[in-house]
$ cat protein.cif   # mmCIF, C-alpha atoms and all ligand atoms
data_upload
loop_
_atom_site.label_atom_id
_atom_site.label_comp_id
_atom_site.auth_asym_id
_atom_site.auth_seq_id
_atom_site.Cartn_x
_atom_site.Cartn_y
_atom_site.Cartn_z
CA MET F 10 191.16 -6.94 180.06
CA LYS F 11 190.84 -5.68 183.68
CA GLU F 12 192.61 -2.44 182.83
CA LYS F 13 190.20 -1.58 180.02
CA PRO F 14 187.81 1.30 180.68
CA ILE F 15 184.08 1.16 181.33
CA GLY F 16 182.07 2.88 178.60
CA ILE F 17 179.05 4.94 179.67
CA PHE F 18 176.62 6.78 177.43
CA ASP F 19 173.55 8.96 177.69
CA SER F 20 171.68 11.30 175.39
CA GLY F 21 173.52 14.13 177.13
CA ILE F 22 174.64 14.85 180.62
CA GLY F 23 172.09 12.87 182.68
CA GLY F 24 174.37 9.82 182.67
CA LEU F 25 176.93 11.83 184.62
CA THR F 26 174.84 11.02 187.71
CA VAL F 27 175.95 7.41 187.07
CA VAL F 28 179.58 8.53 186.51
CA LYS F 29 179.45 10.31 189.86
CA GLU F 30 178.42 7.11 191.66
CA ILE F 31 181.00 4.96 189.78
CA ARG F 32 183.77 7.38 190.75
CA ARG F 33 182.58 7.21 194.36
CA PHE F 34 182.17 3.44 194.71
CA LEU F 35 184.61 2.14 192.07
CA PRO F 36 187.33 4.82 192.11
CA ARG F 37 189.94 2.63 190.39
CA GLU F 38 187.94 2.22 187.20
CA ASP F 39 188.77 4.19 184.07
CA ILE F 40 185.69 5.62 182.34
CA VAL F 41 184.98 6.73 178.78
CA TYR F 42 181.80 8.81 178.81
CA PHE F 43 179.86 9.79 175.73
CA GLY F 44 177.05 12.37 175.94
CA ASP F 45 175.15 12.81 172.69
CA ILE F 46 174.12 16.40 173.42
CA ALA F 47 173.81 17.29 169.72
CA ARG F 48 170.86 14.90 169.40
CA ALA F 49 169.35 15.17 172.90
CA PRO F 50 166.74 14.86 174.20
CA TYR F 51 166.06 11.24 173.27
CA GLY F 52 162.90 11.18 175.42
CA SER F 53 160.74 12.93 172.84
CA LYS F 54 162.13 11.06 169.78
CA SER F 55 160.61 8.07 167.98
CA GLU F 56 161.61 4.56 168.98
CA ASN F 57 163.50 3.92 165.70
CA LEU F 58 165.57 7.04 166.09
CA VAL F 59 166.46 6.27 169.72
CA VAL F 60 167.57 2.74 168.72
CA LYS F 61 169.70 4.15 165.87
CA TYR F 62 171.36 6.79 168.10
CA SER F 63 171.97 4.20 170.84
CA GLU F 64 173.63 1.76 168.40
CA GLU F 65 175.86 4.56 167.16
CA ALA F 66 176.82 5.52 170.73
CA LEU F 67 177.65 1.89 171.48
CA SER F 68 179.73 1.55 168.34
CA PHE F 69 181.70 4.69 169.32
CA LEU F 70 182.45 3.25 172.78
CA LEU F 71 183.47 -0.13 171.35
CA LYS F 72 186.11 1.66 169.30
CA LYS F 73 187.52 2.88 172.64
CA ASP F 74 188.03 -0.78 173.59
CA VAL F 75 185.80 -0.84 176.67
CA LYS F 76 185.25 -3.94 178.83
CA LEU F 77 181.67 -3.07 179.78
CA VAL F 78 179.08 -0.57 178.60
CA ILE F 79 176.58 1.12 180.92
CA VAL F 80 173.52 2.46 179.14
CA ALA F 81 173.06 5.39 181.52
CA CYS F 82 169.87 6.53 179.83
CA ASN F 83 166.49 5.03 180.68
CA THR F 84 165.06 6.20 177.37
CA SER F 85 167.72 4.39 175.39
CA ALA F 86 167.51 1.28 177.57
CA SER F 87 163.71 1.16 177.36
CA VAL F 88 163.68 0.63 173.60
CA SER F 89 167.13 -0.49 172.49
CA ILE F 90 168.59 -2.84 175.10
CA SER F 91 167.98 -6.09 173.19
CA SER F 92 169.52 -4.80 169.97
CA LEU F 93 172.51 -3.39 171.89
CA LYS F 94 173.06 -6.72 173.67
CA ARG F 95 173.12 -8.50 170.31
CA ILE F 96 176.03 -6.27 169.30
CA PHE F 97 177.91 -6.48 172.62
CA PRO F 98 176.91 -8.72 175.52
CA ASN F 99 178.67 -6.91 178.38
CA ILE F 100 175.97 -4.33 178.90
CA ILE F 101 174.31 -3.08 182.06
CA ASP F 102 171.41 -0.67 181.90
CA VAL F 103 169.82 1.55 184.49
CA ILE F 104 166.43 -0.20 184.50
CA ASP F 105 166.95 -3.74 185.84
CA PRO F 106 168.95 -2.73 188.96
CA VAL F 107 166.43 -0.11 190.07
CA ILE F 108 163.50 -2.47 189.60
CA ASP F 109 165.05 -5.05 191.94
CA GLU F 110 165.50 -2.40 194.59
CA ALA F 111 161.96 -1.02 194.20
CA ILE F 112 160.41 -4.49 194.49
CA LYS F 113 162.31 -5.12 197.72
CA LEU F 114 160.98 -1.89 199.22
CA ALA F 115 157.38 -1.74 197.98
CA LYS F 116 154.54 -2.80 200.27
CA LYS F 117 151.69 -1.03 198.46
CA ALA F 118 152.42 0.03 194.88
CA ILE F 119 155.32 1.30 192.77
CA GLY F 120 155.29 4.59 190.88
CA VAL F 121 157.58 5.29 187.93
CA ILE F 122 158.37 8.67 186.41
CA GLY F 123 160.41 9.12 183.24
CA THR F 124 160.54 10.64 179.78
CA LYS F 125 157.68 10.26 177.32
CA ARG F 126 159.50 7.53 175.36
CA THR F 127 160.40 5.53 178.49
CA ILE F 128 156.86 5.61 179.87
CA LEU F 129 155.27 4.85 176.46
CA SER F 130 157.52 1.79 176.12
CA GLY F 131 155.83 0.20 179.17
CA ILE F 132 159.18 -1.39 180.05
CA TYR F 133 158.91 -0.81 183.81
CA GLU F 134 155.41 -2.36 184.04
CA LYS F 135 156.53 -5.34 181.96
CA LYS F 136 159.73 -6.01 183.91
CA ILE F 137 158.19 -5.42 187.35
CA LYS F 138 155.32 -7.82 186.54
CA GLU F 139 157.79 -10.46 185.32
CA LYS F 140 159.60 -10.28 188.66
CA LYS F 141 156.64 -9.82 190.99
CA ASN F 142 153.24 -10.44 189.56
CA GLY F 143 150.34 -8.76 191.35
CA ILE F 144 152.11 -5.59 192.41
CA GLU F 145 150.39 -2.39 191.27
CA ILE F 146 152.39 0.05 189.13
CA PHE F 147 151.51 3.63 188.26
CA SER F 148 153.58 5.52 185.73
CA LYS F 149 153.75 9.12 184.64
CA ALA F 150 155.68 10.86 181.88
CA CYS F 151 157.25 14.13 183.07
CA PRO F 152 158.55 15.61 179.77
CA LEU F 153 159.30 19.07 181.19
CA PHE F 154 161.77 17.83 183.80
CA VAL F 155 164.72 17.24 181.41
CA PRO F 156 164.64 20.73 179.80
CA LEU F 157 164.23 22.37 183.23
CA ILE F 158 167.21 20.46 184.60
CA GLU F 159 169.32 21.17 181.51
CA GLU F 160 168.46 24.84 181.99
CA GLY F 161 169.90 24.56 185.49
CA TRP F 162 166.51 25.25 187.15
CA ILE F 163 167.20 22.87 190.00
CA ASP F 164 166.21 24.63 193.21
CA ASN F 165 163.52 26.68 191.61
CA PRO F 166 159.87 27.45 192.52
CA ILE F 167 158.72 26.88 188.92
CA THR F 168 160.30 23.42 188.86
CA LYS F 169 158.63 22.67 192.19
CA ALA F 170 155.23 23.84 190.89
CA ILE F 171 155.57 21.69 187.76
CA CYS F 172 156.63 18.76 189.90
CA GLY F 173 153.47 19.20 191.98
CA GLU F 174 151.33 19.37 188.85
CA TYR F 175 152.80 16.07 187.57
CA LEU F 176 152.75 14.23 190.87
CA TYR F 177 149.53 15.23 192.69
CA GLY F 178 146.86 12.61 192.22
CA PHE F 179 149.56 10.05 191.55
CA ILE F 180 151.57 9.86 194.76
CA GLU F 181 148.59 8.94 196.98
CA LYS F 182 148.57 5.48 195.43
CA ILE F 183 152.23 4.51 195.86
CA ASP F 184 154.82 3.90 198.57
CA VAL F 185 157.91 3.68 196.32
CA LEU F 186 158.78 6.05 193.48
CA ILE F 187 161.34 5.12 190.82
CA LEU F 188 163.23 8.03 189.27
CA GLY F 189 163.24 6.45 185.81
CA CYS F 190 165.52 9.02 184.18
CA THR F 191 169.17 9.68 184.91
CA HIS F 192 168.52 13.44 184.91
CA TYR F 193 166.07 13.29 187.81
CA PRO F 194 168.51 12.78 190.73
CA LEU F 195 169.36 16.47 190.19
CA ILE F 196 165.87 17.47 191.36
CA GLU F 197 165.55 14.75 193.98
CA LYS F 198 165.33 17.34 196.77
CA THR F 199 162.45 19.16 195.04
CA ILE F 200 160.64 15.89 194.34
CA LYS F 201 161.02 14.92 198.02
CA GLU F 202 159.55 18.24 199.11
CA VAL F 203 156.52 17.57 196.93
CA ILE F 204 155.94 13.90 197.80
CA GLY F 205 156.80 14.06 201.53
CA ASN F 206 158.55 11.52 203.71
CA GLU F 207 156.17 8.58 203.39
CA ILE F 208 157.28 7.60 199.89
CA VAL F 209 160.70 6.04 199.32
CA LEU F 210 162.56 7.36 196.28
CA VAL F 211 164.73 4.95 194.33
CA ASN F 212 167.34 6.35 192.08
CA SER F 213 168.62 4.44 189.06
CA SER F 214 172.16 5.85 189.26
CA GLN F 215 172.87 4.40 192.70
CA ALA F 216 171.20 1.04 192.02
CA THR F 217 173.21 0.63 188.80
CA VAL F 218 176.57 0.95 190.53
CA SER F 219 175.87 -2.10 192.74
CA ALA F 220 175.06 -4.10 189.59
CA VAL F 221 178.28 -2.91 187.93
CA LYS F 222 180.33 -3.82 191.00
CA SER F 223 178.87 -7.36 191.11
CA PHE F 224 179.42 -7.84 187.37
CA LEU F 225 183.09 -6.77 187.54
CA ASN F 226 183.68 -8.88 190.64
CA GLU F 227 182.05 -12.04 189.27
CA ASN F 228 183.95 -11.76 185.98
CA GLY F 229 187.33 -10.91 187.51
CA LEU F 230 187.27 -7.52 185.78
CA LEU F 231 187.88 -5.08 188.64
CA ASN F 232 190.63 -2.68 187.64
CA PRO F 233 193.50 -2.86 190.16
CA GLY F 234 194.54 0.74 189.53
CA GLY F 235 193.03 3.30 187.18
CA GLY F 236 190.67 6.16 187.90
CA LYS F 237 190.75 8.43 184.85
CA THR F 238 187.61 9.75 183.13
CA MET F 239 187.60 10.67 179.45
CA PHE F 240 184.67 12.79 178.28
CA TRP F 241 183.33 12.86 174.73
CA THR F 242 180.38 14.81 173.42
CA SER F 243 178.72 15.37 170.05
CA ASP F 244 178.40 19.17 170.46
CA GLU F 245 180.05 22.14 172.20
CA PRO F 246 182.47 20.85 174.88
CA GLY F 247 182.09 24.16 176.75
CA ASP F 248 178.37 23.62 177.38
CA PHE F 249 179.00 20.04 178.39
CA LYS F 250 181.65 21.13 180.89
CA LYS F 251 179.51 23.84 182.45
CA LEU F 252 176.36 21.81 183.01
CA GLY F 253 178.26 18.56 183.52
CA SER F 254 179.96 19.97 186.59
CA LEU F 255 176.52 20.45 188.12
CA PHE F 256 175.66 16.80 187.55
CA LEU F 257 179.00 15.56 188.88
CA GLN F 258 178.89 18.05 191.75
CA THR F 259 182.55 18.80 191.06
CA PRO F 260 184.27 20.77 188.29
CA ILE F 261 185.29 18.89 185.14
CA TYR F 262 189.04 19.51 184.89
CA GLU F 263 189.55 16.97 182.11
CA ASN F 264 189.63 17.90 178.45
CA VAL F 265 186.16 17.27 176.93
CA LYS F 266 186.56 16.08 173.33
CA ARG F 267 184.08 16.48 170.52
CA ILE F 268 183.07 13.75 168.08
CA GLU F 269 180.89 14.35 165.01
CA MET F 270 178.07 11.77 164.99
N1 LIG H 301 168.77 10.86 180.73
C1 LIG H 301 167.76 10.33 179.85
C2 LIG H 301 167.03 9.18 180.52
O1 LIG H 301 167.54 8.61 181.50
C3 LIG H 301 166.72 11.33 179.43
C4 LIG H 301 167.13 12.49 178.66
C5 LIG H 301 166.53 12.58 177.29
O2 LIG H 301 165.31 12.70 177.10
O3 LIG H 301 167.33 12.57 176.37
O4 LIG H 301 165.97 8.82 180.10
#

$ encode --input "protein.cif" --output "structure tokens"
Amino acid sequence: MKEKPIGIFDSGIGGLTVVKEIRRFLPREDIVYFGDIARAPYGSKSENLVVKYSEEALSFLLKKDVKLVIVACNTSASVSISSLKRIFPNIIDVIDPVIDEAIKLAKKAIGVIGTKRTILSGIYEKKIKEKKNGIEIFSKACPLFVPLIEEGWIDNPITKAICGEYLYGFIEKIDVLILGCTHYPLIEKTIKEVIGNEIVLVNSSQATVSAVKSFLNENGLLNPGGGKTMFWTSDEPGDFKKLGSLFLQTPIYENVKRIEM
């Protein structure tokens, strides 16, 4: 069981920010990554469709005989986590770990940014209130961020201007900002330039890795010696490889395989 891989999925390449952290902090784990780029973005889709796509992604990973699945997509986790956990219990998502960290850090109020679907689901407000009633939460959908990032417009004045447009009038109220989308770590520097040094940014990719490490440790599932990553995508492997390297901050040398969904 220990030697089995960890399955990770996202609507596309955003979840690679989680892969990057797993490779850094758990380098002996084997990973099977699935990026559903043919059907991305999930953030603008209806709840039913996101649940359906997420169940299909999970079922694909289960066929790869994984020991744990990381839902490396806030959008998917925000609407489908309970149905996914009914199918397979060993699931960690990117929402719970980041909430715990934000609550520890917040003195004033927590801000959350994410896709339209994630913010509409109200999942962050609900979960934060369950853990710490009384804390103020402000959320904002930033639907243009994912396409800008996928276009590779990372260090770009237009992205910075859009970031300002979304965040002015919002940041004055908070002291902690959750990046509630696995794409957003790519523009963390730009977001920091807009919000300044007073607000602490919490990033779901990093928080998730600590949760994964504890889970594997507590269940005796740490792999004593692996370290391979297998990449699967539902559309052109070439596109995945090119943009994926940006997310991983290292070239993808592995063969990226395609699966028809
Ligand atoms: N990476 C996904 C998330 O964390 C968003 C991308 C999408 O809209 O498909 O929400």

$ closest_atom_pairs --input "protein.cif" --of "chain F" --to "ligand LIG 301 (chain H)" --cutoff "7 Å" --atoms "only C-alpha atoms and all ligand atoms" --output "CSV"
residue,atom,partner,partner_atom,distance
F:Asp19,CA,H:LIG301,N1,6.0
F:Ser20,CA,H:LIG301,O3,4.6
F:Gly21,CA,H:LIG301,O3,6.4
F:Gly23,CA,H:LIG301,N1,4.3
F:Gly24,CA,H:LIG301,N1,6.0
F:Ala49,CA,H:LIG301,O3,4.8
F:Pro50,CA,H:LIG301,O3,3.2
F:Tyr51,CA,H:LIG301,O3,3.6
F:Gly52,CA,H:LIG301,O2,3.3
F:Ser53,CA,H:LIG301,O2,6.3
F:Ala81,CA,H:LIG301,O1,6.4
F:Cys82,CA,H:LIG301,O1,3.5
F:Asn83,CA,H:LIG301,O1,3.8
F:Thr84,CA,H:LIG301,O4,3.9
F:Ser85,CA,H:LIG301,O4,6.7
F:Gly123,CA,H:LIG301,O4,6.4
F:Thr124,CA,H:LIG301,O4,5.7
F:Thr127,CA,H:LIG301,O4,6.7
F:Val155,CA,H:LIG301,C4,6.0
F:Gly189,CA,H:LIG301,O1,6.5
F:Cys190,CA,H:LIG301,O1,3.4
F:Thr191,CA,H:LIG301,O1,3.9
F:His192,CA,H:LIG301,N1,4.9

$ write_last_selection --input "protein.cif" --atoms "C-alpha atoms" --output "PDB file, in the frame of the given file"
ATOM      1  CA  ASP F  19     173.550   8.960 177.690  1.00  0.00           C
ATOM      2  CA  SER F  20     171.680  11.300 175.390  1.00  0.00           C
ATOM      3  CA  GLY F  21     173.520  14.130 177.130  1.00  0.00           C
ATOM      4  CA  GLY F  23     172.090  12.870 182.680  1.00  0.00           C
ATOM      5  CA  GLY F  24     174.370   9.820 182.670  1.00  0.00           C
ATOM      6  CA  ALA F  49     169.350  15.170 172.900  1.00  0.00           C
ATOM      7  CA  PRO F  50     166.740  14.860 174.200  1.00  0.00           C
ATOM      8  CA  TYR F  51     166.060  11.240 173.270  1.00  0.00           C
ATOM      9  CA  GLY F  52     162.900  11.180 175.420  1.00  0.00           C
ATOM     10  CA  SER F  53     160.740  12.930 172.840  1.00  0.00           C
ATOM     11  CA  ALA F  81     173.060   5.390 181.520  1.00  0.00           C
ATOM     12  CA  CYS F  82     169.870   6.530 179.830  1.00  0.00           C
ATOM     13  CA  ASN F  83     166.490   5.030 180.680  1.00  0.00           C
ATOM     14  CA  THR F  84     165.060   6.200 177.370  1.00  0.00           C
ATOM     15  CA  SER F  85     167.720   4.390 175.390  1.00  0.00           C
ATOM     16  CA  GLY F 123     160.410   9.120 183.240  1.00  0.00           C
ATOM     17  CA  THR F 124     160.540  10.640 179.780  1.00  0.00           C
ATOM     18  CA  THR F 127     160.400   5.530 178.490  1.00  0.00           C
ATOM     19  CA  VAL F 155     164.720  17.240 181.410  1.00  0.00           C
ATOM     20  CA  GLY F 189     163.240   6.450 185.810  1.00  0.00           C
ATOM     21  CA  CYS F 190     165.520   9.020 184.180  1.00  0.00           C
ATOM     22  CA  THR F 191     169.170   9.680 184.910  1.00  0.00           C
ATOM     23  CA  HIS F 192     168.520  13.440 184.910  1.00  0.00           C
TER      24      HIS F 192
END

$ atom_distance --input "protein.cif" --atom1 "CA of Arg37 (chain F)" --atom2 "CA of Asp102 (chain F)"
20.6 Å

$ atom_distance --input "protein.cif" --atom1 "CA of Thr217 (chain F)" --atom2 "CA of Pro106 (chain F)"
5.4 Å

$ closest_residue --input "protein.cif" --among "F:Lys182, F:Lys169, F:Lys13, F:Lys251" --to "Ala118 (chain F)" --atoms "only C-alpha atoms"
F:Lys182

$ residues_near_point --input "protein.cif" --point "(158.8, 3.3, 187.2)" --cutoff "10 Å" --atoms "all atoms listed in the file" --output "PDB file with C-alpha atoms, in the coordinates of the input"
ATOM      1  CA  ILE F 104     166.430  -0.200 184.500  1.00  0.00           C
ATOM      2  CA  VAL F 107     166.430  -0.110 190.070  1.00  0.00           C
ATOM      3  CA  ILE F 108     163.500  -2.470 189.600  1.00  0.00           C
ATOM      4  CA  ALA F 111     161.960  -1.020 194.200  1.00  0.00           C
ATOM      5  CA  ILE F 119     155.320   1.300 192.770  1.00  0.00           C
ATOM      6  CA  GLY F 120     155.290   4.590 190.880  1.00  0.00           C
ATOM      7  CA  VAL F 121     157.580   5.290 187.930  1.00  0.00           C
ATOM      8  CA  ILE F 122     158.370   8.670 186.410  1.00  0.00           C
ATOM      9  CA  GLY F 123     160.410   9.120 183.240  1.00  0.00           C
ATOM     10  CA  THR F 127     160.400   5.530 178.490  1.00  0.00           C
ATOM     11  CA  ILE F 128     156.860   5.610 179.870  1.00  0.00           C
ATOM     12  CA  GLY F 131     155.830   0.200 179.170  1.00  0.00           C
ATOM     13  CA  ILE F 132     159.180  -1.390 180.050  1.00  0.00           C
ATOM     14  CA  TYR F 133     158.910  -0.810 183.810  1.00  0.00           C
ATOM     15  CA  GLU F 134     155.410  -2.360 184.040  1.00  0.00           C
ATOM     16  CA  LYS F 136     159.730  -6.010 183.910  1.00  0.00           C
ATOM     17  CA  ILE F 137     158.190  -5.420 187.350  1.00  0.00           C
ATOM     18  CA  ILE F 146     152.390   0.050 189.130  1.00  0.00           C
ATOM     19  CA  PHE F 147     151.510   3.630 188.260  1.00  0.00           C
ATOM     20  CA  SER F 148     153.580   5.520 185.730  1.00  0.00           C
ATOM     21  CA  LYS F 149     153.750   9.120 184.640  1.00  0.00           C
ATOM     22  CA  ALA F 150     155.680  10.860 181.880  1.00  0.00           C
ATOM     23  CA  VAL F 185     157.910   3.680 196.320  1.00  0.00           C
ATOM     24  CA  LEU F 186     158.780   6.050 193.480  1.00  0.00           C
ATOM     25  CA  ILE F 187     161.340   5.120 190.820  1.00  0.00           C
ATOM     26  CA  LEU F 188     163.230   8.030 189.270  1.00  0.00           C
ATOM     27  CA  GLY F 189     163.240   6.450 185.810  1.00  0.00           C
ATOM     28  CA  CYS F 190     165.520   9.020 184.180  1.00  0.00           C
ATOM     29  CA  VAL F 211     164.730   4.950 194.330  1.00  0.00           C
TER      30      VAL F 211
END

$ closest_residue --input "protein.cif" --among "F:Val203, F:Val88, F:Val103, F:Ile96" --to "Asn57 (chain F)" --atoms "all atoms listed in the file"
F:Val88

$ atom_distance --input "protein.cif" --atom1 "CA of Glu38 (chain F)" --atom2 "CA of Gly235 (chain F)"
5.2 Å

$ residues_near_point --input "protein.cif" --point "(174.7, 17.3, 164.5)" --cutoff "8 Å" --atoms "only C-alpha atoms" --output "ChimeraX atom specification"
/F:47-48,243-244,269-270

$ write_last_selection --input "protein.cif" --atoms "C-alpha atoms" --output "mmCIF file, in the frame of the given file"
data_model
loop_
_atom_site.group_PDB
_atom_site.id
_atom_site.type_symbol
_atom_site.label_atom_id
_atom_site.label_comp_id
_atom_site.auth_asym_id
_atom_site.auth_seq_id
_atom_site.Cartn_x
_atom_site.Cartn_y
_atom_site.Cartn_z
ATOM 1 C CA ALA F 47 173.810 17.290 169.720
ATOM 2 C CA ARG F 48 170.860 14.900 169.400
ATOM 3 C CA SER F 243 178.720 15.370 170.050
ATOM 4 C CA ASP F 244 178.400 19.170 170.460
ATOM 5 C CA GLU F 269 180.890 14.350 165.010
ATOM 6 C CA MET F 270 178.070 11.770 164.990
#

$ residues_around --input "protein.cif" --residues "region 14-18 of chain F" --least-positions-apart "5" --cutoff "7 Å" --atoms "all atoms listed in the file" --output "PyMOL selection string"
chain F and resi 24+38-44+66+70+75-81

$ write_last_selection --input "protein.cif" --atoms "C-alpha atoms" --output "compact mmCIF listing (two decimals), in the frame of the given file"
# COMPACT_ATOMS: atom_id res chain seq x y z
CA GLY F 24 174.37 9.82 182.67
CA GLU F 38 187.94 2.22 187.20
CA ASP F 39 188.77 4.19 184.07
CA ILE F 40 185.69 5.62 182.34
CA VAL F 41 184.98 6.73 178.78
CA TYR F 42 181.80 8.81 178.81
CA PHE F 43 179.86 9.79 175.73
CA GLY F 44 177.05 12.37 175.94
CA ALA F 66 176.82 5.52 170.73
CA LEU F 70 182.45 3.25 172.78
CA VAL F 75 185.80 -0.84 176.67
CA LYS F 76 185.25 -3.94 178.83
CA LEU F 77 181.67 -3.07 179.78
CA VAL F 78 179.08 -0.57 178.60
CA ILE F 79 176.58 1.12 180.92
CA VAL F 80 173.52 2.46 179.14
CA ALA F 81 173.06 5.39 181.52

$ residues_around --input "protein.cif" --residues "Lys29 (chain F)" --least-positions-apart "5" --cutoff "9 Å" --atoms "only C-alpha atoms" --output "PDB file with C-alpha atoms, in the coordinates of the input"
ATOM      1  CA  GLY F  24     174.370   9.820 182.670  1.00  0.00           C
ATOM      2  CA  PHE F  34     182.170   3.440 194.710  1.00  0.00           C
ATOM      3  CA  SER F 214     172.160   5.850 189.260  1.00  0.00           C
ATOM      4  CA  PHE F 256     175.660  16.800 187.550  1.00  0.00           C
ATOM      5  CA  LEU F 257     179.000  15.560 188.880  1.00  0.00           C
ATOM      6  CA  GLN F 258     178.890  18.050 191.750  1.00  0.00           C
TER       7      GLN F 258
END

$ closest_residue --input "protein.cif" --among "F:Ile101, F:Ala86, F:Leu153, F:Leu225" --to "Glu64 (chain F)" --atoms "only C-alpha atoms"
F:Ala86

$ closest_residue --input "protein.cif" --among "F:Glu197, F:Lys250, F:Cys151, F:Trp162" --to "Leu176 (chain F)" --atoms "all atoms listed in the file"
F:Cys151

$ closest_residue --input "protein.cif" --among "F:Glu159, F:Asp109, F:Asp164, F:Asp45" --to "Glu202 (chain F)" --atoms "only C-alpha atoms"
F:Asp164

$ closest_residue --input "protein.cif" --among "F:Asn206, F:Asn264, F:Gln215, F:Asn142" --to "Thr238 (chain F)" --atoms "only C-alpha atoms"
F:Asn264
